[in-house]
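Enquirer: I'd like to ask you about the structure that follows.
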Amino acid sequence: MNAGQSLADGAAGVALLHLETGNWPAAFKALRQATAGGVSIASGASLFYGGPALAFVLAATDQPGLAQARAITAEGTATVTRHRLDTAHRRIDRDEQPHFTEYDLIRGLTGLGVTLRRLGDHDLLRHVLDYLVRLTKPRGSLPGWWCCNGPERNQPPPTGGHANLGMAHGITGPLALLALTLSDGVTVNGHAEAIGRICRWLDTWQQDTDGMTWWPQTITLSDLRRGAPDQQTPLRPSWCYGTPGIARAQQLAAQALRDTNRQRLAEAAFADCITDPTQIQRLTDRSLCHGTAGLLATARRIAADALTPTPLTPIEDLHRHATPDTDEPEGLLLGTTGSDLAAVATTTTAWDACLLLA
């Protein structure tokens, strides 16, 4: 496996950083590393690995010398997407629960939809949206996205599976893509209704503690029976699972549906989380996925669309002064590439679309 073709922790992510900062020679070098030995369009290819990852990166440049590479990776993305859609629809036809990698942002069809949106392949993107609409339909008493697996790879799943609320692996990733495409005017039958179903689920599990609004990371069958999550307080304010990502997805949904009340609630929840010292102290690294970089990238997008001003200086200072880990890897999601990208105030390449922030 060519690790370079990983957007998450390989040269593909490094190329995105250099394209954002205008360092074309370094970007071209990273792209050569990313494509050395070929690019995968196997079943595991996704927004963050293989052909779709490279298609996402290459869409950030119009260099004539890369036209063939753009065409090849775009076609590879289409091939992967069609295969994954066929597999997903057959699973639904069998009335089986999904694994979250079927639909999530990191490895699933939501992520492939992100690449297709960036490429402008609206026909195939609509097929992904049709699938997401179908995914949101209930299966008995459970939502259609209720997973058979657990949130942790190295731990057995909770009895009966779970529903994941996070942006990276949960239902707020599909919510954000559905919202963004509805705002784009790329729509399918049942589009707004699917957004509404997800939002109502989030409303059901919205928590209010000491005047703060937040959402649990996961819901289990035990939580459903109890009518309350086992999680008692908000955890770290990360992009991947925490309030920032969930709030941004709801802000996007509110804008798409012109729901001012929901938008104000989402923005207030984000403001609660960034002004709560207990939550902020739970950020222990500078990464995009779990740390200060992800919080900063999310904050910029929320602030740009907010109905009321959202100050960014405290979050910029938090990221600037966070202590770098001497063993921090060179990667987009968990390493220096992502923390460096977040420190760049511009979004020339709209790189944060890979986080479903825009």
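How things are named: the first chain in the structure tokens is A, the next is B, and so on; residues count from 1 in each chain; ligands count from 1 in the order shown.
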Do a neighbour search on range 236-248 of chain A at 7 Å with only C-alpha atoms, toss out local chain neighbours closer than 5 positions, and write the hits as number ranges by chain.

Expert: A: 166-168, 172, 214-215, 217, 266-267, 269-270, 273, 279-280, 282-283, 289-291, 294-295, 298, 302, 357

Enquirer: Can you tell me which residues surround Ala303 in chain A at a distance of at most 9 Å, considering only C-alpha atoms, apart from same-chain residues fewer than 6 positions away, and format the answer as a PDB file with N, CA and C atoms, in the first residue's frame?

Expert:
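Written file, result-v1.pdb:
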```
ATOM      1  N   GLU A 267     -25.142  28.163  16.882  1.00  0.00           N
ATOM      2  CA  GLU A 267     -24.077  29.135  17.148  1.00  0.00           C
ATOM      3  C   GLU A 267     -23.908  29.379  18.645  1.00  0.00           C
ATOM      4  N   PRO A 309     -21.722  38.195  15.961  1.00  0.00           N
ATOM      5  CA  PRO A 309     -20.257  38.088  15.883  1.00  0.00           C
ATOM      6  C   PRO A 309     -19.700  36.987  16.794  1.00  0.00           C
ATOM      7  N   THR A 310     -18.753  36.233  16.242  1.00  0.00           N
ATOM      8  CA  THR A 310     -18.055  35.195  16.997  1.00  0.00           C
ATOM      9  C   THR A 310     -16.581  35.545  17.012  1.00  0.00           C
ATOM     10  N   PRO A 311     -16.027  35.952  18.168  1.00  0.00           N
ATOM     11  CA  PRO A 311     -14.620  36.349  18.208  1.00  0.00           C
ATOM     12  C   PRO A 311     -13.682  35.168  17.965  1.00  0.00           C
ATOM     13  N   LEU A 312     -12.708  35.379  17.083  1.00  0.00           N
ATOM     14  CA  LEU A 312     -11.763  34.313  16.743  1.00  0.00           C
ATOM     15  C   LEU A 312     -10.431  34.437  17.469  1.00  0.00           C
TER      16      LEU A 312
END
```

Enquirer: Nearest to Asp104 in chain A: which of A:Thr275, A:Thr349, A:Ser46, A:Gln68 is it, counting only C-alpha atoms?

Expert: A:Ser46

Enquirer: So, with only C-alpha atoms as the atoms that count, which of A:Pro157, A:Glu20, A:Ala358, A:Thr218 lies closest to Asp184 in chain A?

Expert: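 Of all the options, A:Ala358 lies closest to Asp184 in chain A.
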
Enquirer: Once DSSP has gone over the backbone, tell me which residues of range 59-287 of chain A are in alpha helix (DSSP H), as a PyMOL selection string.

Expert: chain A and resi 67-93+109-119+122-135+172-184+191-204+221-226+243-257+260-274+277-280

Enquirer: Point out the residue among A:Gly140, A:Leu31, A:Leu341, A:Trp205 with the least atom-to-atom distance to Arg226 in chain A, counting only C-alpha atoms.

Expert: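 Checking each of A:Gly140, A:Leu31, A:Leu341, A:Trp205 against Arg226 in chain A, counting only C-alpha atoms, the winner is A:Trp205.
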
Enquirer: From the list A:Glu316, A:Asp327, A:Asp86, A:Glu102, which residue is nearest Ile171 in chain A when using only C-alpha atoms?

Expert: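 With only C-alpha atoms as the atom set, the closest residue is A:Glu102.
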
Enquirer: So that I can check the surroundings of Gln207 in chain A, please list as an MDAnalysis selection string every protein, DNA and RNA residue that reaches within 9 Å of it, counting only C-alpha atoms and ignoring chain neighbours fewer than 5 positions away.

Expert: chainID A and resid 212:216 228:229 232:234

Enquirer: Find the residues of range 5-123 of chain A that sit at most 12 Å from range 186-204 of chain A; for each, write down the nearest two atoms and how far apart they are in Å, to one decimal. Count only C-alpha atoms. Sort by chain, then by number going up, and give it as JSON lines.

Expert:
```
{"residue": "A:Gly113", "atom": "CA", "partner": "A:Val186", "partner_atom": "CA", "distance": 11.7}
{"residue": "A:Leu116", "atom": "CA", "partner": "A:Val186", "partner_atom": "CA", "distance": 11.6}
{"residue": "A:Arg117", "atom": "CA", "partner": "A:Val186", "partner_atom": "CA", "distance": 9.2}
{"residue": "A:Gly120", "atom": "CA", "partner": "A:Val186", "partner_atom": "CA", "distance": 10.2}
{"residue": "A:Asp121", "atom": "CA", "partner": "A:Val186", "partner_atom": "CA", "distance": 10.4}
{"residue": "A:His122", "atom": "CA", "partner": "A:Val186", "partner_atom": "CA", "distance": 6.9}
{"residue": "A:Asp123", "atom": "CA", "partner": "A:Val186", "partner_atom": "CA", "distance": 9.0}
```

Enquirer: So that I can check the surroundings of range 321-323 of chain A, please list as a PyMOL selection string every protein, DNA and RNA residue that reaches within 8 Å of it, counting only C-alpha atoms and ignoring chain neighbours fewer than 2 positions away.

Expert: chain A and resi 285-286+292+317-319+325

Enquirer: For those residues, write all heavy atoms to a file as a CSV table (one decimal), in the first residue's frame.

Expert:
```csv
chain,number,residue,atom,x,y,z
A,285,ASP,N,-3.8,18.4,22.1
A,285,ASP,CA,-2.9,18.5,21.0
A,285,ASP,C,-3.3,19.5,20.0
A,285,ASP,O,-4.3,20.2,20.1
A,285,ASP,CB,-2.8,17.1,20.3
A,285,ASP,CG,-4.1,16.6,19.6
A,285,ASP,OD1,-4.6,17.3,18.8
A,285,ASP,OD2,-4.5,15.5,20.0
A,286,ARG,N,-2.5,19.7,18.9
A,286,ARG,CA,-2.7,20.7,17.9
A,286,ARG,C,-3.4,20.2,16.6
A,286,ARG,O,-3.4,20.9,15.6
A,286,ARG,CB,-1.4,21.4,17.6
A,286,ARG,CG,-0.7,22.2,18.7
A,286,ARG,CD,0.8,22.4,18.4
A,286,ARG,NE,1.0,22.9,17.1
A,286,ARG,CZ,0.9,24.2,16.7
A,286,ARG,NH1,0.5,25.1,17.6
A,286,ARG,NH2,1.2,24.5,15.5
A,292,THR,N,-6.6,21.6,18.6
A,292,THR,CA,-6.8,23.1,18.5
A,292,THR,C,-7.0,23.5,17.0
A,292,THR,O,-7.7,24.5,16.7
A,292,THR,CB,-5.7,23.9,19.1
A,292,THR,OG1,-4.4,23.5,18.6
A,292,THR,CG2,-5.7,23.7,20.6
A,317,ASP,N,-5.3,32.4,19.4
A,317,ASP,CA,-4.2,32.4,20.4
A,317,ASP,C,-4.0,31.0,21.0
A,317,ASP,O,-2.9,30.6,21.3
A,317,ASP,CB,-4.5,33.4,21.5
A,317,ASP,CG,-4.4,34.8,21.0
A,317,ASP,OD1,-3.8,35.1,19.9
A,317,ASP,OD2,-5.0,35.7,21.7
A,318,LEU,N,-5.1,30.3,21.2
A,318,LEU,CA,-5.1,29.0,21.8
A,318,LEU,C,-4.3,28.1,20.9
A,318,LEU,O,-3.4,27.3,21.4
A,318,LEU,CB,-6.5,28.4,22.0
A,318,LEU,CG,-6.6,27.0,22.5
A,318,LEU,CD1,-6.2,26.9,24.0
A,318,LEU,CD2,-8.0,26.5,22.3
A,319,HIS,N,-4.5,28.1,19.6
A,319,HIS,CA,-3.8,27.2,18.7
A,319,HIS,C,-2.3,27.7,18.6
A,319,HIS,O,-1.4,26.8,18.6
A,319,HIS,CB,-4.4,27.3,17.3
A,319,HIS,CG,-3.8,26.4,16.3
A,319,HIS,ND1,-3.6,25.0,16.5
A,319,HIS,CD2,-3.2,26.6,15.1
A,319,HIS,CE1,-3.0,24.5,15.5
A,319,HIS,NE2,-2.7,25.5,14.6
A,325,ASP,N,4.0,18.8,19.9
A,325,ASP,CA,4.5,17.5,20.4
A,325,ASP,C,5.8,17.2,19.5
A,325,ASP,O,5.7,17.2,18.3
A,325,ASP,CB,3.5,16.4,20.2
A,325,ASP,CG,3.9,15.1,20.8
A,325,ASP,OD1,5.1,14.9,21.0
A,325,ASP,OD2,3.0,14.3,21.0
```

Enquirer: Which of these, A:Leu16, A:Ala253, A:Leu109, A:Val80, has the shortest distance to Thr61 in chain A once you count only C-alpha atoms?

Expert: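 Answer, going by the shortest atom-to-atom distance: A:Leu16.
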
Enquirer: Which residue, A:Leu265, A:Ala176, A:Leu257, A:Leu307, has the smallest gap to Leu356 in chain A when you use only C-alpha atoms?

Expert: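 Answer, going by the shortest atom-to-atom distance: A:Ala176.
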
Enquirer: Which polymer residues have any atom within 10 Å of an atom of Gly338 in chain A, counting only C-alpha atoms, with same-chain residues fewer than 5 positions away left out, as a ChimeraX atom specification?

Expert: /A:8-9,13-14,16-17,286-289,293-294,297,330-333,343,352

Enquirer: Once DSSP has gone over the backbone, tell me which residues of range 97-287 of chain A are in strand (DSSP E), as a PyMOL selection string.

Expert: chain A and resi 162-164+207-209+212-214+218-220

Enquirer: With all heavy atoms kept, could you save the residues just selected as a short mmCIF file (atom, residue, chain, number, x, y, z; two decimals), in the first residue's frame?

Expert:
```cif
data_model
loop_
_atom_site.label_atom_id
_atom_site.label_comp_id
_atom_site.auth_asym_id
_atom_site.auth_seq_id
_atom_site.Cartn_x
_atom_site.Cartn_y
_atom_site.Cartn_z
N HIS A 162 -24.89 1.08 17.79
CA HIS A 162 -24.98 2.45 18.29
C HIS A 162 -25.30 3.42 17.16
O HIS A 162 -25.21 3.07 15.97
CB HIS A 162 -23.65 2.86 18.94
CG HIS A 162 -22.59 3.29 17.97
ND1 HIS A 162 -22.00 2.45 17.06
CD2 HIS A 162 -22.01 4.51 17.76
CE1 HIS A 162 -21.11 3.11 16.34
NE2 HIS A 162 -21.09 4.36 16.74
N ALA A 163 -25.67 4.63 17.53
CA ALA A 163 -25.78 5.75 16.59
C ALA A 163 -24.68 6.74 16.92
O ALA A 163 -24.51 7.13 18.08
CB ALA A 163 -27.14 6.42 16.71
N ASN A 164 -23.93 7.12 15.90
CA ASN A 164 -22.78 8.00 16.07
C ASN A 164 -23.19 9.41 15.63
O ASN A 164 -23.76 9.58 14.56
CB ASN A 164 -21.64 7.47 15.20
CG ASN A 164 -20.30 8.07 15.53
OD1 ASN A 164 -20.16 9.28 15.55
ND2 ASN A 164 -19.31 7.22 15.77
N GLN A 207 -28.60 18.07 24.82
CA GLN A 207 -28.46 18.15 26.28
C GLN A 207 -28.24 19.61 26.69
O GLN A 207 -27.61 20.38 25.97
CB GLN A 207 -27.28 17.30 26.75
CG GLN A 207 -27.32 15.86 26.28
CD GLN A 207 -28.51 15.10 26.83
OE1 GLN A 207 -28.69 15.01 28.05
NE2 GLN A 207 -29.34 14.56 25.94
N ASP A 208 -28.77 19.94 27.85
CA ASP A 208 -28.58 21.28 28.41
C ASP A 208 -28.09 21.13 29.84
O ASP A 208 -28.85 20.68 30.71
CB ASP A 208 -29.87 22.08 28.34
CG ASP A 208 -30.31 22.34 26.90
OD1 ASP A 208 -29.70 23.22 26.26
OD2 ASP A 208 -31.22 21.65 26.43
N THR A 209 -26.84 21.47 30.05
CA THR A 209 -26.21 21.30 31.36
C THR A 209 -25.61 22.63 31.81
O THR A 209 -24.77 23.19 31.11
CB THR A 209 -25.10 20.23 31.29
OG1 THR A 209 -25.63 19.02 30.75
CG2 THR A 209 -24.53 19.96 32.68
N MET A 212 -25.46 25.23 29.28
CA MET A 212 -24.74 24.93 28.04
C MET A 212 -25.48 23.88 27.24
O MET A 212 -25.97 22.89 27.79
CB MET A 212 -23.33 24.43 28.35
CG MET A 212 -22.39 25.50 28.85
SD MET A 212 -20.70 24.88 28.98
CE MET A 212 -20.91 23.57 30.17
N THR A 213 -25.55 24.10 25.92
CA THR A 213 -26.15 23.14 25.01
C THR A 213 -25.05 22.29 24.38
O THR A 213 -24.03 22.81 23.94
CB THR A 213 -26.94 23.86 23.91
OG1 THR A 213 -28.01 24.61 24.51
CG2 THR A 213 -27.51 22.89 22.90
N TRP A 214 -25.27 20.96 24.35
CA TRP A 214 -24.29 20.06 23.74
C TRP A 214 -24.98 18.76 23.33
O TRP A 214 -26.16 18.56 23.64
CB TRP A 214 -23.13 19.77 24.71
CG TRP A 214 -23.55 19.17 26.03
CD1 TRP A 214 -24.03 19.84 27.12
CD2 TRP A 214 -23.55 17.78 26.39
NE1 TRP A 214 -24.33 18.97 28.13
CE2 TRP A 214 -24.04 17.70 27.72
CE3 TRP A 214 -23.18 16.62 25.74
CZ2 TRP A 214 -24.17 16.48 28.40
CZ3 TRP A 214 -23.29 15.40 26.40
CH2 TRP A 214 -23.79 15.33 27.72
N THR A 218 -22.18 9.47 21.10
CA THR A 218 -22.85 8.27 20.61
C THR A 218 -24.09 7.99 21.45
O THR A 218 -24.21 8.46 22.58
CB THR A 218 -21.93 7.02 20.67
OG1 THR A 218 -21.57 6.79 22.03
CG2 THR A 218 -20.69 7.21 19.81
N ILE A 219 -25.00 7.20 20.87
CA ILE A 219 -26.20 6.74 21.57
C ILE A 219 -26.26 5.22 21.42
O ILE A 219 -26.11 4.69 20.30
CB ILE A 219 -27.48 7.38 20.99
CG1 ILE A 219 -27.46 8.89 21.19
CG2 ILE A 219 -28.73 6.76 21.62
CD1 ILE A 219 -27.48 9.34 22.63
N THR A 220 -26.48 4.52 22.50
CA THR A 220 -26.60 3.05 22.49
C THR A 220 -28.04 2.65 22.76
O THR A 220 -28.90 3.48 23.10
CB THR A 220 -25.70 2.42 23.56
OG1 THR A 220 -26.19 2.83 24.86
CG2 THR A 220 -24.25 2.88 23.40
#
```

Enquirer: Just how far from CA of Thr284 in chain A is CA of Leu334 in chain A, in Å to one decimal?

Expert: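 CA of Leu334 in chain A sits 12.0 Å away from CA of Thr284 in chain A.
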
Enquirer: Residues near Ala78 in chain A, anyone? I mean within 9 Å using only C-alpha atoms, not counting same-chain ones fewer than 5 positions away, as an MDAnalysis selection string.

Expert: chainID A and resid 52 73 83 112 116 121 124

Enquirer: Could you check how far CA of Cys147 in chain A sits from CA of Phe100 in chain A, in Å to one decimal?

Expert: 5.9 Å
